[in-house]
Amino acid sequence: MKLILASSSPRRAEVLRNAGFVFQVRPADVDETRQPKEAAEDYVRRVAKAKAHTVAERARAAGERAIVIAADTIVLAEGQILGKPKDADDARRMLQLFSGKTHEVLTALCVINIATGKEALHVEKTRVQFLKMSEEEIESYIQTGEPFDKAGAYGIQGIAGRFATRIEGCYFNVLGLPLSRLWTTLKELGWKEDSAT
């Protein structure tokens, strides 16, 4: 049974590929706007579920047998929910929130087996501690362009890895796809490695 990744994120695809999975990429293109007063966990759950169901419905309509994987990631810092930065000022604000402090990364993972109709939805949490960054370090990092397509304005697998002093929880969750959680979920939903055709 084939796997479909309902995401346009190159990092999620890289995590899956590096872990030996064979899959197709089909972005869901759903509205990811947060609803007024929506709690962080409710928000990522809703968006991940919307992505999974959108792609699963298309695949089901085409008569495909597949398992759909979708995820949504946000960063929580100082009580604020942080998505992708709008511009350099927004990236600067986010990085200043992290400087010398610990923040939390939440990823909701929604997996649907189209053939059986079974679905799993989990939220994985990882705590990340940053060292105290100087204004020069923040400006230099923004100039690299790395912050702009990432929740929380940083990529831990890239240049920003030099700022992370401690990680509590799943490292891959910070990249947007909690890998061990996905592995156990796929097995629970009946996926077998030799059935990835």
# chains A, B, ... in the order shown; residues from 1 in each chain; ligands from 1
call {"tool": "residues_around", "arguments": {"residues": "Glu168 of chain A", "least_positions_apart": "6", "cutoff": "10 Å", "atoms": "only C-alpha atoms", "output": "ChimeraX atom specification"}}
result
/A:104,125-129
call {"tool": "write_last_selection", "arguments": {"atoms": "N, CA and C atoms", "output": "PDB file, in the first residue's frame"}}
result
ATOM      1  N   GLU A 104       8.572  25.663  22.972  1.00  0.00           N
ATOM      2  CA  GLU A 104       7.977  24.344  22.702  1.00  0.00           C
ATOM      3  C   GLU A 104       7.539  24.252  21.240  1.00  0.00           C
ATOM      4  N   LYS A 125       5.076  16.913  21.335  1.00  0.00           N
ATOM      5  CA  LYS A 125       5.639  18.142  21.882  1.00  0.00           C
ATOM      6  C   LYS A 125       7.128  17.958  22.167  1.00  0.00           C
ATOM      7  N   THR A 126       7.899  18.945  21.766  1.00  0.00           N
ATOM      8  CA  THR A 126       9.339  18.934  22.022  1.00  0.00           C
ATOM      9  C   THR A 126       9.738  20.305  22.571  1.00  0.00           C
ATOM     10  N   ARG A 127      10.563  20.287  23.613  1.00  0.00           N
ATOM     11  CA  ARG A 127      11.060  21.535  24.201  1.00  0.00           C
ATOM     12  C   ARG A 127      12.475  21.800  23.685  1.00  0.00           C
ATOM     13  N   VAL A 128      12.702  23.043  23.255  1.00  0.00           N
ATOM     14  CA  VAL A 128      14.001  23.421  22.698  1.00  0.00           C
ATOM     15  C   VAL A 128      14.534  24.633  23.458  1.00  0.00           C
ATOM     16  N   GLN A 129      15.761  24.513  23.947  1.00  0.00           N
ATOM     17  CA  GLN A 129      16.394  25.629  24.658  1.00  0.00           C
ATOM     18  C   GLN A 129      17.428  26.286  23.751  1.00  0.00           C
TER      19      GLN A 129
END
call {"tool": "residues_around", "arguments": {"residues": "segment 161-163 of chain A", "least_positions_apart": "5", "cutoff": "12 Å", "atoms": "only C-alpha atoms", "output": "PDB file with C-alpha atoms, in the first residue's frame"}}
result
ATOM      1  CA  LEU A  95      14.188  34.925  17.487  1.00  0.00           C
ATOM      2  CA  PHE A  98      13.751  32.387  21.949  1.00  0.00           C
ATOM      3  CA  SER A  99      17.038  33.984  22.950  1.00  0.00           C
ATOM      4  CA  GLY A 100      18.314  32.460  26.202  1.00  0.00           C
ATOM      5  CA  LYS A 101      14.995  30.686  26.819  1.00  0.00           C
ATOM      6  CA  THR A 102      13.121  27.446  26.237  1.00  0.00           C
ATOM      7  CA  VAL A 128      14.001  23.421  22.698  1.00  0.00           C
ATOM      8  CA  GLN A 129      16.394  25.629  24.658  1.00  0.00           C
ATOM      9  CA  PHE A 130      18.342  28.381  22.869  1.00  0.00           C
ATOM     10  CA  LEU A 131      21.457  30.110  24.059  1.00  0.00           C
ATOM     11  CA  LYS A 132      21.452  33.875  24.501  1.00  0.00           C
ATOM     12  CA  MET A 133      21.844  35.336  21.002  1.00  0.00           C
ATOM     13  CA  SER A 134      23.371  38.738  20.334  1.00  0.00           C
ATOM     14  CA  GLU A 137      23.839  36.883  15.575  1.00  0.00           C
ATOM     15  CA  ILE A 138      20.116  37.386  15.028  1.00  0.00           C
ATOM     16  CA  TYR A 141      20.942  34.618  10.766  1.00  0.00           C
ATOM     17  CA  GLU A 146      16.815  30.412   6.381  1.00  0.00           C
ATOM     18  CA  TYR A 154      14.414  28.844  12.375  1.00  0.00           C
ATOM     19  CA  GLY A 155      15.620  25.532  10.994  1.00  0.00           C
ATOM     20  CA  ILE A 156      17.315  23.450  13.677  1.00  0.00           C
ATOM     21  CA  TYR A 171      14.294  15.906  17.369  1.00  0.00           C
ATOM     22  CA  VAL A 174      11.220  20.099  15.462  1.00  0.00           C
ATOM     23  CA  LEU A 175      11.646  19.434  11.722  1.00  0.00           C
TER      24      LEU A 175
END
call {"tool": "select_by_dssp", "arguments": {"residues": "segment 95-164 of chain A", "states": "strand (DSSP E or B)", "output": "NGL selection string"}}
result
:A and (102-113 or 119-130 or 164)
call {"tool": "write_last_selection", "arguments": {"atoms": "C-alpha atoms", "output": "tab-separated table (two decimals), in the first residue's frame"}}
result
chain	number	residue	atom	x	y	z
A	102	THR	CA	13.12	27.45	26.24
A	103	HIS	CA	10.25	27.19	23.77
A	104	GLU	CA	7.98	24.34	22.70
A	105	VAL	CA	7.38	22.85	19.25
A	106	LEU	CA	4.01	21.18	18.64
A	107	THR	CA	3.34	18.97	15.64
A	108	ALA	CA	-0.03	17.37	15.01
A	109	LEU	CA	0.24	14.16	12.99
A	110	CYS	CA	-2.84	12.81	11.20
A	111	VAL	CA	-2.62	9.48	9.37
A	112	ILE	CA	-5.50	7.90	7.40
A	113	ASN	CA	-5.68	4.41	5.91
A	119	GLU	CA	-7.46	7.24	11.30
A	120	ALA	CA	-4.98	8.32	13.98
A	121	LEU	CA	-4.35	11.83	15.28
A	122	HIS	CA	-1.54	12.68	17.72
A	123	VAL	CA	0.16	15.84	18.96
A	124	GLU	CA	3.87	15.55	19.68
A	125	LYS	CA	5.64	18.14	21.88
A	126	THR	CA	9.34	18.93	22.02
A	127	ARG	CA	11.06	21.54	24.20
A	128	VAL	CA	14.00	23.42	22.70
A	129	GLN	CA	16.39	25.63	24.66
A	130	PHE	CA	18.34	28.38	22.87
A	164	ALA	CA	20.07	25.10	20.29
call {"tool": "atom_distance", "arguments": {"atom1": "atom CA of Pro147 of chain A", "atom2": "atom CA of Gln35 of chain A"}}
result
24.3 Å
call {"tool": "closest_residue", "arguments": {"among": "A:Glu57, A:Glu14, A:Glu64, A:Asp72", "to": "Glu32 of chain A", "atoms": "only C-alpha atoms"}}
result
A:Asp72
call {"tool": "closest_residue", "arguments": {"among": "A:Pro36, A:Pro178, A:Gly20, A:Gly117", "to": "His53 of chain A", "atoms": "only C-alpha atoms"}}
result
A:Gly117
call {"tool": "atom_distance", "arguments": {"atom1": "atom CA of Gln96 of chain A", "atom2": "atom CA of Ala13 of chain A"}}
result
29.0 Å
call {"tool": "residues_around", "arguments": {"residues": "Gly145 of chain A", "least_positions_apart": "6", "cutoff": "12 Å", "atoms": "only C-alpha atoms", "output": "MDAnalysis selection string"}}
result
chainID A and resid 85 87:88 91:92 138:139 153:155 158:160
call {"tool": "select_by_dssp", "arguments": {"residues": "segment 19-75 of chain A", "states": "helix (DSSP H, G or I)", "output": "JSON, numbers by chain"}}
result
{"A": [40, 41, 42, 43, 44, 45, 46, 47, 48, 49, 50, 51, 52, 53, 54, 55, 56, 57, 58, 59, 60, 61]}
call {"tool": "write_last_selection", "arguments": {"atoms": "C-alpha atoms", "output": "PDB file, in the first residue's frame"}}
result
ATOM      1  CA  ALA A  40      -2.529  25.892  20.166  1.00  0.00           C
ATOM      2  CA  GLU A  41      -3.145  22.143  20.343  1.00  0.00           C
ATOM      3  CA  ASP A  42      -6.650  22.460  18.880  1.00  0.00           C
ATOM      4  CA  TYR A  43      -5.264  24.577  16.051  1.00  0.00           C
ATOM      5  CA  VAL A  44      -2.556  22.127  14.918  1.00  0.00           C
ATOM      6  CA  ARG A  45      -4.948  19.184  15.271  1.00  0.00           C
ATOM      7  CA  ARG A  46      -7.566  20.888  13.092  1.00  0.00           C
ATOM      8  CA  VAL A  47      -5.106  21.872  10.350  1.00  0.00           C
ATOM      9  CA  ALA A  48      -3.359  18.474  10.230  1.00  0.00           C
ATOM     10  CA  LYS A  49      -6.737  16.722  10.058  1.00  0.00           C
ATOM     11  CA  ALA A  50      -7.937  19.053   7.282  1.00  0.00           C
ATOM     12  CA  LYS A  51      -4.797  18.352   5.246  1.00  0.00           C
ATOM     13  CA  ALA A  52      -5.121  14.580   5.669  1.00  0.00           C
ATOM     14  CA  HIS A  53      -8.828  14.472   4.838  1.00  0.00           C
ATOM     15  CA  THR A  54      -8.471  16.729   1.777  1.00  0.00           C
ATOM     16  CA  VAL A  55      -5.823  14.504   0.211  1.00  0.00           C
ATOM     17  CA  ALA A  56      -7.484  11.253   1.354  1.00  0.00           C
ATOM     18  CA  GLU A  57     -10.788  12.256  -0.254  1.00  0.00           C
ATOM     19  CA  ARG A  58      -9.060  12.957  -3.577  1.00  0.00           C
ATOM     20  CA  ALA A  59      -7.224   9.622  -3.455  1.00  0.00           C
ATOM     21  CA  ARG A  60     -10.392   7.747  -2.448  1.00  0.00           C
ATOM     22  CA  ALA A  61     -12.296   9.326  -5.348  1.00  0.00           C
TER      23      ALA A  61
END
call {"tool": "closest_residue", "arguments": {"among": "A:Arg17, A:Arg12, A:Arg93, A:Lys2", "to": "Val68 of chain A", "atoms": "only C-alpha atoms"}}
result
A:Lys2
call {"tool": "atom_distance", "arguments": {"atom1": "atom CA of Leu3 of chain A", "atom2": "atom CA of Phe21 of chain A"}}
result
8.3 Å
